[in-house]
Amino acid sequence: MSEEIAGVLPVERRPDGVVVVTLNDPGRRNAMSDEMTAAWKSAMAELRTDRRVRCVVVTGAGSAFTSGGDLSWLADTNAVAVPALRDRMLTFYRTWLAIRDLEVPTIAAVNGHAVGAGLCLALACDLRYAASDAKLLAPFTALGLHPGMAATWLFPEVAGLPLAREMLLAGRVLTGDEAERGGLVNRAVPRGDVLDEALAVAGRVAAQAPVATRFTKVALANGGHPDMESALRWESLAQPVTMASADMLEGLAAQREKRSPRFTGE
């Protein structure tokens, strides 16, 4: 990893194929600054082509997950033409949402407050584990802004329209515990246990057959298939691919021999 990434976005590669990416600017509550955005773009590009990666965990340094987009430049936007602002925002959104393009499962370890675009980043991951006392909110309209970062897609996709409307229209703030009950996160745990919980799940993901896991992630992307027939057509292609893999033979042998499988992705 480059020196730039290592500063604001350290990337830890663990022996089991789990990668931990840390948003590392605690003095600014890990705001998604231009510097961090550039580092994120580089990190996602590297991870996307690394076949050794089996699961990616995203967390924050210090007491916050991320406070979202760096708002310091907003006061000057009235003097900028709408087309230029649109281009800037699209680039920002697509850079951070590139985590959706990773073929491996992704997990957000929401160690503290997740705000606006920062909460959208967590929702863009496949799984979310949050601190019980973390605050999750999307205060776009309170700032006079329309939601961004695919919020109007991600909130309904993860938790359904009723909660999406309450958070985006009425500004409801959820604790981690409330987010678990509302389906916005998979589980809420004490703050000190968030990363360990996420890593435990990541370890279980990484222990599964890599090719089968990647295909399954693709099948579940963007809310899954539009109908059952589409699911059947996908599965009738994807399952035979895994049937022809060495990993399937290893999985069957491990079950027969009552041992843990040693999958290679072959």
# chains A, B, ... in the order shown; residues from 1 in each chain; ligands from 1

call {"tool": "residues_around", "arguments": {"residues": "Ala150 of chain A", "least_positions_apart": "5", "cutoff": "9 Å", "atoms": "only C-alpha atoms", "output": "mmCIF file with all heavy atoms, in the first residue's frame"}}
result
data_model
loop_
_atom_site.group_PDB
_atom_site.id
_atom_site.type_symbol
_atom_site.label_atom_id
_atom_site.label_comp_id
_atom_site.auth_asym_id
_atom_site.auth_seq_id
_atom_site.Cartn_x
_atom_site.Cartn_y
_atom_site.Cartn_z
ATOM 1 N N TYR A 93 -19.533 10.187 -4.823
ATOM 2 C CA TYR A 93 -20.392 9.033 -4.541
ATOM 3 C C TYR A 93 -19.794 7.746 -5.099
ATOM 4 O O TYR A 93 -19.702 6.727 -4.404
ATOM 5 C CB TYR A 93 -21.778 9.205 -5.198
ATOM 6 C CG TYR A 93 -22.582 10.410 -4.825
ATOM 7 C CD1 TYR A 93 -23.530 10.919 -5.718
ATOM 8 C CD2 TYR A 93 -22.433 11.063 -3.601
ATOM 9 C CE1 TYR A 93 -24.302 12.019 -5.405
ATOM 10 C CE2 TYR A 93 -23.199 12.172 -3.281
ATOM 11 C CZ TYR A 93 -24.125 12.653 -4.192
ATOM 12 O OH TYR A 93 -24.894 13.747 -3.898
ATOM 13 N N LEU A 97 -18.703 4.445 -3.040
ATOM 14 C CA LEU A 97 -19.563 3.284 -3.246
ATOM 15 C C LEU A 97 -18.890 2.192 -4.060
ATOM 16 O O LEU A 97 -19.487 1.146 -4.306
ATOM 17 C CB LEU A 97 -20.870 3.717 -3.923
ATOM 18 C CG LEU A 97 -21.766 4.608 -3.055
ATOM 19 C CD1 LEU A 97 -22.948 5.122 -3.865
ATOM 20 C CD2 LEU A 97 -22.245 3.869 -1.817
ATOM 21 N N ALA A 117 -23.309 10.640 4.663
ATOM 22 C CA ALA A 117 -22.613 9.783 3.703
ATOM 23 C C ALA A 117 -21.867 8.661 4.405
ATOM 24 O O ALA A 117 -21.677 7.580 3.838
ATOM 25 C CB ALA A 117 -21.650 10.616 2.862
ATOM 26 N N CYS A 120 -24.275 5.968 4.881
ATOM 27 C CA CYS A 120 -24.476 5.334 3.578
ATOM 28 C C CYS A 120 -23.347 4.361 3.258
ATOM 29 O O CYS A 120 -23.579 3.299 2.670
ATOM 30 C CB CYS A 120 -24.587 6.392 2.487
ATOM 31 S SG CYS A 120 -26.081 7.401 2.583
ATOM 32 N N ALA A 124 -23.763 0.457 2.438
ATOM 33 C CA ALA A 124 -23.268 -0.108 1.183
ATOM 34 C C ALA A 124 -22.539 -1.426 1.392
ATOM 35 O O ALA A 124 -22.312 -2.163 0.428
ATOM 36 C CB ALA A 124 -22.360 0.895 0.472
ATOM 37 N N PHE A 155 -31.135 3.118 1.981
ATOM 38 C CA PHE A 155 -31.984 3.016 3.175
ATOM 39 C C PHE A 155 -33.166 2.073 2.941
ATOM 40 O O PHE A 155 -33.400 1.164 3.745
ATOM 41 C CB PHE A 155 -32.462 4.403 3.615
ATOM 42 C CG PHE A 155 -31.463 5.164 4.441
ATOM 43 C CD1 PHE A 155 -30.351 5.743 3.854
ATOM 44 C CD2 PHE A 155 -31.622 5.294 5.808
ATOM 45 C CE1 PHE A 155 -29.425 6.442 4.603
ATOM 46 C CE2 PHE A 155 -30.709 5.995 6.577
ATOM 47 C CZ PHE A 155 -29.597 6.570 5.978
#

call {"tool": "select_by_dssp", "arguments": {"residues": "segment 20-223 of chain A", "states": "strand (DSSP E or B)", "output": "PDB file with C-alpha atoms, in the first residue's frame"}}
result
ATOM      1  CA  VAL A  20      -9.300  -4.408   7.666  1.00  0.00           C
ATOM      2  CA  VAL A  21      -9.571  -0.877   6.259  1.00  0.00           C
ATOM      3  CA  THR A  22      -9.574   1.878   8.905  1.00  0.00           C
ATOM      4  CA  LEU A  23     -10.862   5.403   8.327  1.00  0.00           C
ATOM      5  CA  MET A  32     -14.547  11.831   4.176  1.00  0.00           C
ATOM      6  CA  CYS A  55     -13.551 -10.494   3.154  1.00  0.00           C
ATOM      7  CA  VAL A  56     -13.134  -6.746   3.793  1.00  0.00           C
ATOM      8  CA  VAL A  57     -13.945  -5.050   7.114  1.00  0.00           C
ATOM      9  CA  VAL A  58     -14.290  -1.253   7.296  1.00  0.00           C
ATOM     10  CA  THR A  59     -14.069   0.566  10.631  1.00  0.00           C
ATOM     11  CA  GLY A  60     -13.137   3.961  12.067  1.00  0.00           C
ATOM     12  CA  ALA A  64     -16.524   7.658  15.405  1.00  0.00           C
ATOM     13  CA  PHE A  65     -17.086   5.473  12.374  1.00  0.00           C
ATOM     14  CA  THR A  66     -17.269   8.544  10.154  1.00  0.00           C
ATOM     15  CA  GLY A  69     -18.682  14.189   3.903  1.00  0.00           C
ATOM     16  CA  THR A 106     -17.816  -6.582   3.010  1.00  0.00           C
ATOM     17  CA  ILE A 107     -18.554  -5.751   6.654  1.00  0.00           C
ATOM     18  CA  ALA A 108     -18.945  -2.374   8.373  1.00  0.00           C
ATOM     19  CA  ALA A 109     -17.728  -2.361  11.982  1.00  0.00           C
ATOM     20  CA  VAL A 110     -19.581   0.784  13.092  1.00  0.00           C
ATOM     21  CA  HIS A 113     -21.323   7.655  15.167  1.00  0.00           C
ATOM     22  CA  ALA A 114     -22.124   7.153  11.467  1.00  0.00           C
ATOM     23  CA  VAL A 115     -23.513  10.296   9.882  1.00  0.00           C
ATOM     24  CA  LEU A 127     -23.132  -6.758   6.751  1.00  0.00           C
ATOM     25  CA  ARG A 128     -23.086  -4.232   9.616  1.00  0.00           C
ATOM     26  CA  TYR A 129     -22.171  -4.582  13.294  1.00  0.00           C
ATOM     27  CA  ALA A 130     -22.575  -1.480  15.428  1.00  0.00           C
ATOM     28  CA  ALA A 131     -21.776  -0.183  18.876  1.00  0.00           C
ATOM     29  CA  LYS A 135     -25.671   7.240  16.771  1.00  0.00           C
ATOM     30  CA  LEU A 136     -26.786   6.592  13.198  1.00  0.00           C
ATOM     31  CA  LEU A 137     -28.335   9.507  11.347  1.00  0.00           C
ATOM     32  CA  LEU A 174     -31.067   5.706  15.881  1.00  0.00           C
ATOM     33  CA  THR A 175     -28.785   4.189  18.460  1.00  0.00           C
ATOM     34  CA  ARG A 187     -26.229  -6.774  15.415  1.00  0.00           C
ATOM     35  CA  ALA A 188     -25.454  -4.206  18.093  1.00  0.00           C
ATOM     36  CA  VAL A 189     -22.804  -5.006  20.690  1.00  0.00           C
TER      37      VAL A 189
END

call {"tool": "closest_residue", "arguments": {"among": "A:Ala231, A:Ala206, A:Ala31, A:Leu90", "to": "Gly116 of chain A", "atoms": "only C-alpha atoms"}}
result
A:Ala31

call {"tool": "select_by_dssp", "arguments": {"residues": "segment 80-266 of chain A", "states": "helix (DSSP H, G or I)", "output": "number ranges by chain"}}
result
A: 82-101, 117-124, 141-143, 151-159, 161-170, 176-182, 191-206, 210-223, 228-243, 246-257

call {"tool": "closest_residue", "arguments": {"among": "A:Ser63, A:Ala84, A:Trp96, A:Asn222", "to": "Asp34 of chain A", "atoms": "only C-alpha atoms"}}
result
A:Trp96

call {"tool": "closest_residue", "arguments": {"among": "A:Gly118, A:Gly171, A:Gly7, A:Gly176", "to": "Gly68 of chain A", "atoms": "only C-alpha atoms"}}
result
A:Gly118

call {"tool": "closest_atom_pairs", "arguments": {"of": "segment 198-257 of chain A", "to": "segment 42-53 of chain A", "cutoff": "12 Å", "atoms": "only C-alpha atoms", "output": "JSON lines"}}
result
{"residue": "A:Ala202", "atom": "CA", "partner": "A:Val53", "partner_atom": "CA", "distance": 11.2}
{"residue": "A:Gly203", "atom": "CA", "partner": "A:Val53", "partner_atom": "CA", "distance": 11.7}
{"residue": "A:Val205", "atom": "CA", "partner": "A:Val53", "partner_atom": "CA", "distance": 11.1}
{"residue": "A:Ala206", "atom": "CA", "partner": "A:Val53", "partner_atom": "CA", "distance": 8.4}
{"residue": "A:Ala207", "atom": "CA", "partner": "A:Val53", "partner_atom": "CA", "distance": 11.5}
{"residue": "A:Pro210", "atom": "CA", "partner": "A:Val53", "partner_atom": "CA", "distance": 9.1}
{"residue": "A:Val211", "atom": "CA", "partner": "A:Arg51", "partner_atom": "CA", "distance": 10.3}
{"residue": "A:Thr213", "atom": "CA", "partner": "A:Val53", "partner_atom": "CA", "distance": 11.8}
{"residue": "A:Arg214", "atom": "CA", "partner": "A:Val53", "partner_atom": "CA", "distance": 10.9}

call {"tool": "atom_distance", "arguments": {"atom1": "atom CA of Leu119 of chain A", "atom2": "atom CA of Arg14 of chain A"}}
result
25.5 Å

call {"tool": "residues_around", "arguments": {"residues": "Met243 of chain A", "least_positions_apart": "5", "cutoff": "12 Å", "atoms": "only C-alpha atoms", "output": "ChimeraX atom specification"}}
result
/A:209,211-212,235-238,248-252,266

call {"tool": "decode", "arguments": {"residues": "segment 12-28 of chain A", "atoms": "N, CA, C and O atoms", "output": "tab-separated table (two decimals), in the first residue's frame"}}
result
chain	number	residue	atom	x	y	z
A	12	GLU	N	-4.94	-3.30	6.74
A	12	GLU	CA	-4.29	-4.46	7.39
A	12	GLU	C	-4.73	-5.74	6.70
A	12	GLU	O	-5.91	-6.05	6.63
A	13	ARG	N	-3.76	-6.47	6.21
A	13	ARG	CA	-4.04	-7.75	5.56
A	13	ARG	C	-3.74	-8.87	6.55
A	13	ARG	O	-2.60	-9.03	6.99
A	14	ARG	N	-4.75	-9.64	6.88
A	14	ARG	CA	-4.60	-10.72	7.86
A	14	ARG	C	-4.36	-12.05	7.15
A	14	ARG	O	-4.73	-12.22	5.98
A	15	PRO	N	-3.74	-13.01	7.84
A	15	PRO	CA	-3.37	-14.27	7.19
A	15	PRO	C	-4.54	-15.06	6.63
A	15	PRO	O	-4.37	-15.85	5.69
A	16	ASP	N	-5.74	-14.88	7.18
A	16	ASP	CA	-6.89	-15.68	6.73
A	16	ASP	C	-7.60	-15.08	5.52
A	16	ASP	O	-8.64	-15.59	5.09
A	17	GLY	N	-7.03	-14.01	4.94
A	17	GLY	CA	-7.66	-13.39	3.78
A	17	GLY	C	-8.59	-12.25	4.14
A	17	GLY	O	-9.17	-11.62	3.25
A	18	VAL	N	-8.76	-11.96	5.44
A	18	VAL	CA	-9.56	-10.82	5.87
A	18	VAL	C	-8.71	-9.55	5.80
A	18	VAL	O	-7.56	-9.55	6.22
A	19	VAL	N	-9.27	-8.49	5.25
A	19	VAL	CA	-8.59	-7.20	5.15
A	19	VAL	C	-9.37	-6.19	5.98
A	19	VAL	O	-10.60	-6.09	5.86
A	20	VAL	N	-8.67	-5.44	6.85
A	20	VAL	CA	-9.30	-4.41	7.67
A	20	VAL	C	-8.86	-3.04	7.15
A	20	VAL	O	-7.66	-2.74	7.12
A	21	VAL	N	-9.82	-2.23	6.73
A	21	VAL	CA	-9.57	-0.88	6.26
A	21	VAL	C	-10.08	0.09	7.33
A	21	VAL	O	-11.26	0.03	7.70
A	22	THR	N	-9.21	0.97	7.82
A	22	THR	CA	-9.57	1.88	8.91
A	22	THR	C	-9.60	3.32	8.43
A	22	THR	O	-8.61	3.82	7.91
A	23	LEU	N	-10.75	3.97	8.59
A	23	LEU	CA	-10.86	5.40	8.33
A	23	LEU	C	-10.14	6.11	9.46
A	23	LEU	O	-10.56	6.05	10.61
A	24	ASN	N	-9.02	6.77	9.14
A	24	ASN	CA	-8.08	7.17	10.19
A	24	ASN	C	-7.82	8.68	10.20
A	24	ASN	O	-6.76	9.15	9.79
A	25	ASP	N	-8.82	9.42	10.65
A	25	ASP	CA	-8.65	10.85	10.88
A	25	ASP	C	-9.51	11.23	12.10
A	25	ASP	O	-10.46	12.00	11.99
A	26	PRO	N	-9.17	10.65	13.26
A	26	PRO	CA	-10.05	10.81	14.43
A	26	PRO	C	-10.23	12.25	14.87
A	26	PRO	O	-11.27	12.59	15.45
A	27	GLY	N	-9.25	13.11	14.59
A	27	GLY	CA	-9.39	14.52	14.96
A	27	GLY	C	-10.55	15.19	14.27
A	27	GLY	O	-11.11	16.17	14.78
A	28	ARG	N	-10.92	14.69	13.08
A	28	ARG	CA	-12.07	15.21	12.34
A	28	ARG	C	-13.19	14.18	12.27
A	28	ARG	O	-14.01	14.21	11.38
